[in-house]
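Peer 1: Structure incoming, see below.
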Amino acid sequence: MKTVLFFFLLGLSGFATRPEGGVLVHHLIVQPSSSLTIDGKTNMGPFRCGIARYVGKDTLVLLEGGRNRKPYFKKGYVGLEAARFDCGMQLMTNDFRKAIKSAEYPVISISFISFERRLQFNSGKNIFRGRMQISLAGVTRTFDIDCTIEVEEPGVVHFKGGRHFTFSDFNLEPPTRMMGLVKVDGSLDVNFHLVLLLDKDA
């Protein structure tokens, strides 16, 4: 875990972090180019629904250091507007938004909790396992998700992760359209890509 954090902070070395009682605090601003994609299948073929652009103002606050403490998020919340999902076809988009109850529960929340280092590196990427909570349609679940962190340039971090889910994980029913003639499989592959900017003024 220390090794992952070392490389993570090394990529951000051009910016200052603020110590609080011997603990380094890193403020990471979620950028508009962040996205979320969901890939699934119907009896007619594959489909993809996604939120191509983030419109919130969330900042992640990561703490590291201190006695007998692992790096952890003091603030790990990212909120996504469920109504921004687009499946490329209006009928599918409408049905998908209805299936995830976007009108009743307009925000999908992701709360990052902790990281656990996987002992390998590929093409300069730091690969590890992350624990997070996802709230969708009024149901909150905790998952372990494979993640990567890659520093593109000083102060800019690409944080990616993904996992296989099912609609039933959140007590949801797969959508159907055209009087049930198109059936959606219950399995989904969900991937996020957060573009983060270290706030040097925090």
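Each chain of the structure tokens is named A, B, ... in the order shown, its residues numbered from 1; ligands are numbered from 1 in display order.
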Go through segment 138-196 of chain A and flag each residue having an atom no more than 6 Å from segment 23-34 of chain A; for those, report the closest pair of atoms plus their distance in Å to one decimal, using only C-alpha atoms, ordered by chain and rising number, as a tab-separated table.

Peer 2:
residue	atom	partner	partner_atom	distance
A:His193	CA	A:Ser34	CA	5.5
A:Leu194	CA	A:Ser34	CA	4.5
A:Val195	CA	A:Ser34	CA	5.2
A:Leu196	CA	A:Val30	CA	4.8

Peer 1: Report, in Å with one decimal, the straight-line distance from atom CA of Val55 of chain A to atom CA of Val78 of chain A.

Peer 2: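 Separation of atom CA of Val55 of chain A and atom CA of Val78 of chain A: 10.7 Å.
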
Peer 1: Check the DSSP output for the backbone and give back, as a ChimeraX atom specification, the residues of segment 7-194 of chain A in strand (DSSP E or B).

Peer 2: /A:18-20,23-30,35-42,45-51,59-65,72-75,77-81,86,107-122,125-136,139-153,156-166,176-177,182-184,187-194

Peer 1: Within 6 Å of segment 84-91 of chain A, counting only C-alpha atoms, which residues show up once you throw out same-chain ones fewer than 3 positions away? Write them as a list of chain:residue names, please.

Peer 2: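 The contact residues come out as A:Arg48, A:Cys49, A:Gly50, A:Ile51, A:Glu81, A:Asn94.
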
Peer 1: Just the residues within 7 Å of Val156 of chain A, please, counting only C-alpha atoms, with nothing from its chain fewer than 5 positions along; format it as number ranges by chain.

Peer 2: A: 151, 196-198

Peer 1: Can you write just those residues out, N, CA and C atoms, as a JSON list (two decimals), in the first residue's frame?

Peer 2:
[["chain", "number", "residue", "atom", "x", "y", "z"],
["A", 151, "VAL", "N", -0.80, 8.76, -13.73],
["A", 151, "VAL", "CA", -0.54, 10.19, -13.77],
["A", 151, "VAL", "C", -0.18, 10.58, -15.20],
["A", 196, "LEU", "N", -8.92, 13.64, -12.25],
["A", 196, "LEU", "CA", -8.78, 14.38, -11.01],
["A", 196, "LEU", "C", -7.63, 15.39, -11.12],
["A", 197, "LEU", "N", -7.89, 16.57, -10.59],
["A", 197, "LEU", "CA", -6.88, 17.63, -10.56],
["A", 197, "LEU", "C", -6.53, 17.92, -9.10],
["A", 198, "LEU", "N", -5.24, 17.81, -8.77],
["A", 198, "LEU", "CA", -4.82, 18.12, -7.41],
["A", 198, "LEU", "C", -4.93, 19.63, -7.17]]

Peer 1: May I have all residues of segment 19-170 of chain A that DSSP, computed from the backbone, assigns to alpha helix (DSSP H), given as a ChimeraX atom specification?

Peer 2: /A:90-99

Peer 1: Output the selection as a compact mmCIF listing (two decimals), in the first residue's frame - all heavy atoms for each residue.

Peer 2:
# COMPACT_ATOMS: atom_id res chain seq x y z
N GLN A 90 -33.28 6.85 -28.15
CA GLN A 90 -34.14 7.48 -27.17
C GLN A 90 -35.04 6.50 -26.43
O GLN A 90 -35.24 6.61 -25.22
CB GLN A 90 -35.00 8.56 -27.84
CG GLN A 90 -35.67 9.50 -26.84
CD GLN A 90 -34.67 10.22 -25.94
OE1 GLN A 90 -33.71 10.81 -26.43
NE2 GLN A 90 -34.86 10.15 -24.63
N LEU A 91 -35.58 5.49 -27.15
CA LEU A 91 -36.44 4.51 -26.50
C LEU A 91 -35.67 3.74 -25.44
O LEU A 91 -36.15 3.54 -24.31
CB LEU A 91 -37.05 3.54 -27.52
CG LEU A 91 -38.22 4.06 -28.35
CD1 LEU A 91 -38.62 3.02 -29.40
CD2 LEU A 91 -39.40 4.39 -27.46
N MET A 92 -34.46 3.30 -25.78
CA MET A 92 -33.63 2.57 -24.84
C MET A 92 -33.21 3.47 -23.68
O MET A 92 -33.21 3.05 -22.51
CB MET A 92 -32.39 2.00 -25.53
CG MET A 92 -31.45 1.23 -24.60
SD MET A 92 -32.18 -0.29 -23.94
CE MET A 92 -32.00 -1.37 -25.36
N THR A 93 -32.87 4.71 -23.99
CA THR A 93 -32.50 5.66 -22.94
C THR A 93 -33.64 5.86 -21.96
O THR A 93 -33.45 5.82 -20.73
CB THR A 93 -32.10 7.02 -23.55
OG1 THR A 93 -30.93 6.84 -24.36
CG2 THR A 93 -31.80 8.04 -22.47
N ASN A 94 -34.86 6.07 -22.48
CA ASN A 94 -36.02 6.27 -21.61
C ASN A 94 -36.27 5.06 -20.73
O ASN A 94 -36.54 5.19 -19.53
CB ASN A 94 -37.26 6.57 -22.45
CG ASN A 94 -37.19 7.91 -23.15
OD1 ASN A 94 -36.38 8.77 -22.78
ND2 ASN A 94 -38.02 8.10 -24.16
N ASP A 95 -36.19 3.87 -21.32
CA ASP A 95 -36.44 2.65 -20.56
C ASP A 95 -35.36 2.40 -19.51
O ASP A 95 -35.63 1.93 -18.41
CB ASP A 95 -36.55 1.44 -21.50
CG ASP A 95 -37.90 1.37 -22.20
OD1 ASP A 95 -38.77 2.19 -21.85
OD2 ASP A 95 -38.08 0.51 -23.08
N PHE A 96 -34.11 2.71 -19.88
CA PHE A 96 -33.02 2.51 -18.93
C PHE A 96 -33.16 3.46 -17.75
O PHE A 96 -33.01 3.05 -16.59
CB PHE A 96 -31.67 2.72 -19.61
CG PHE A 96 -30.49 2.40 -18.73
CD1 PHE A 96 -30.07 1.09 -18.56
CD2 PHE A 96 -29.82 3.41 -18.05
CE1 PHE A 96 -28.98 0.79 -17.75
CE2 PHE A 96 -28.75 3.11 -17.22
CZ PHE A 96 -28.33 1.80 -17.07
N ARG A 97 -33.45 4.73 -18.02
CA ARG A 97 -33.64 5.69 -16.93
C ARG A 97 -34.81 5.28 -16.03
O ARG A 97 -34.74 5.41 -14.81
CB ARG A 97 -33.88 7.09 -17.49
CG ARG A 97 -32.66 7.69 -18.18
CD ARG A 97 -33.02 9.04 -18.79
NE ARG A 97 -31.91 9.63 -19.51
CZ ARG A 97 -31.99 10.74 -20.25
NH1 ARG A 97 -33.17 11.36 -20.34
NH2 ARG A 97 -30.94 11.23 -20.87
N LYS A 98 -35.87 4.76 -16.66
CA LYS A 98 -37.02 4.29 -15.88
C LYS A 98 -36.63 3.10 -15.02
O LYS A 98 -37.04 2.99 -13.86
CB LYS A 98 -38.17 3.92 -16.81
CG LYS A 98 -39.44 3.49 -16.09
CD LYS A 98 -40.55 3.19 -17.08
CE LYS A 98 -41.82 2.74 -16.36
NZ LYS A 98 -42.92 2.45 -17.33
N ALA A 99 -35.82 2.19 -15.58
CA ALA A 99 -35.42 0.98 -14.86
C ALA A 99 -34.60 1.31 -13.63
O ALA A 99 -34.71 0.63 -12.60
CB ALA A 99 -34.64 0.05 -15.78

Peer 1: Applying 6 Å and only C-alpha atoms, which residues near Arg129 of chain A remain after dropping the ones on its own chain fewer than 5 positions away? List them as a PyMOL selection string.

Peer 2: chain A and resi 115-116+145-147

Peer 1: Compare A:Arg177, A:Lys57, A:His164, A:Lys200 by their minimum atom-to-atom distance to Gly40 of chain A, counting only C-alpha atoms, and give me the closest one.

Peer 2: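 Of the candidates, the smallest distance to Gly40 of chain A is held by A:His164.
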
Peer 1: Quick check, in Å to one decimal: how far apart do atom CA of Thr142 of chain A and atom CA of Asp199 of chain A lie?

Peer 2: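 Atom-to-atom, atom CA of Thr142 of chain A and atom CA of Asp199 of chain A are spaced 28.0 Å apart.
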
Peer 1: Which neighbours of Asp39 of chain A fall inside 9 Å, counting only C-alpha atoms, when residues of the same chain fewer than 5 positions from it are skipped, and could you give them as a list in words?

Peer 2: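 The neighbour list is Pro46, Phe47, Arg48, Cys49, Gly50, Ser187, Leu188, Asp189, Val190 and Asn191 of chain A.
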
Peer 1: Please indicate the distance in Å from atom CA of Glu104 of chain A to atom CA of Thr37 of chain A, rounded to one decimal place.

Peer 2: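 One can read the atom CA of Glu104 of chain A to atom CA of Thr37 of chain A distance as 21.1 Å.
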
Peer 1: From the set A:Val107, A:Phe128, A:Asp58, A:Ile113, which residue has the shortest atom-to-atom contact distance to Ile149 of chain A, counting only C-alpha atoms?

Peer 2: A:Phe128

Peer 1: For a quick check of understanding, using only C-alpha atoms, which of A:Gly161, A:Pro154, A:Gly76, A:Pro106 has the smallest distance to Leu136 of chain A?

Peer 2: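 Of A:Gly161, A:Pro154, A:Gly76, A:Pro106, the one nearest Leu136 of chain A is A:Pro106, counting only C-alpha atoms.
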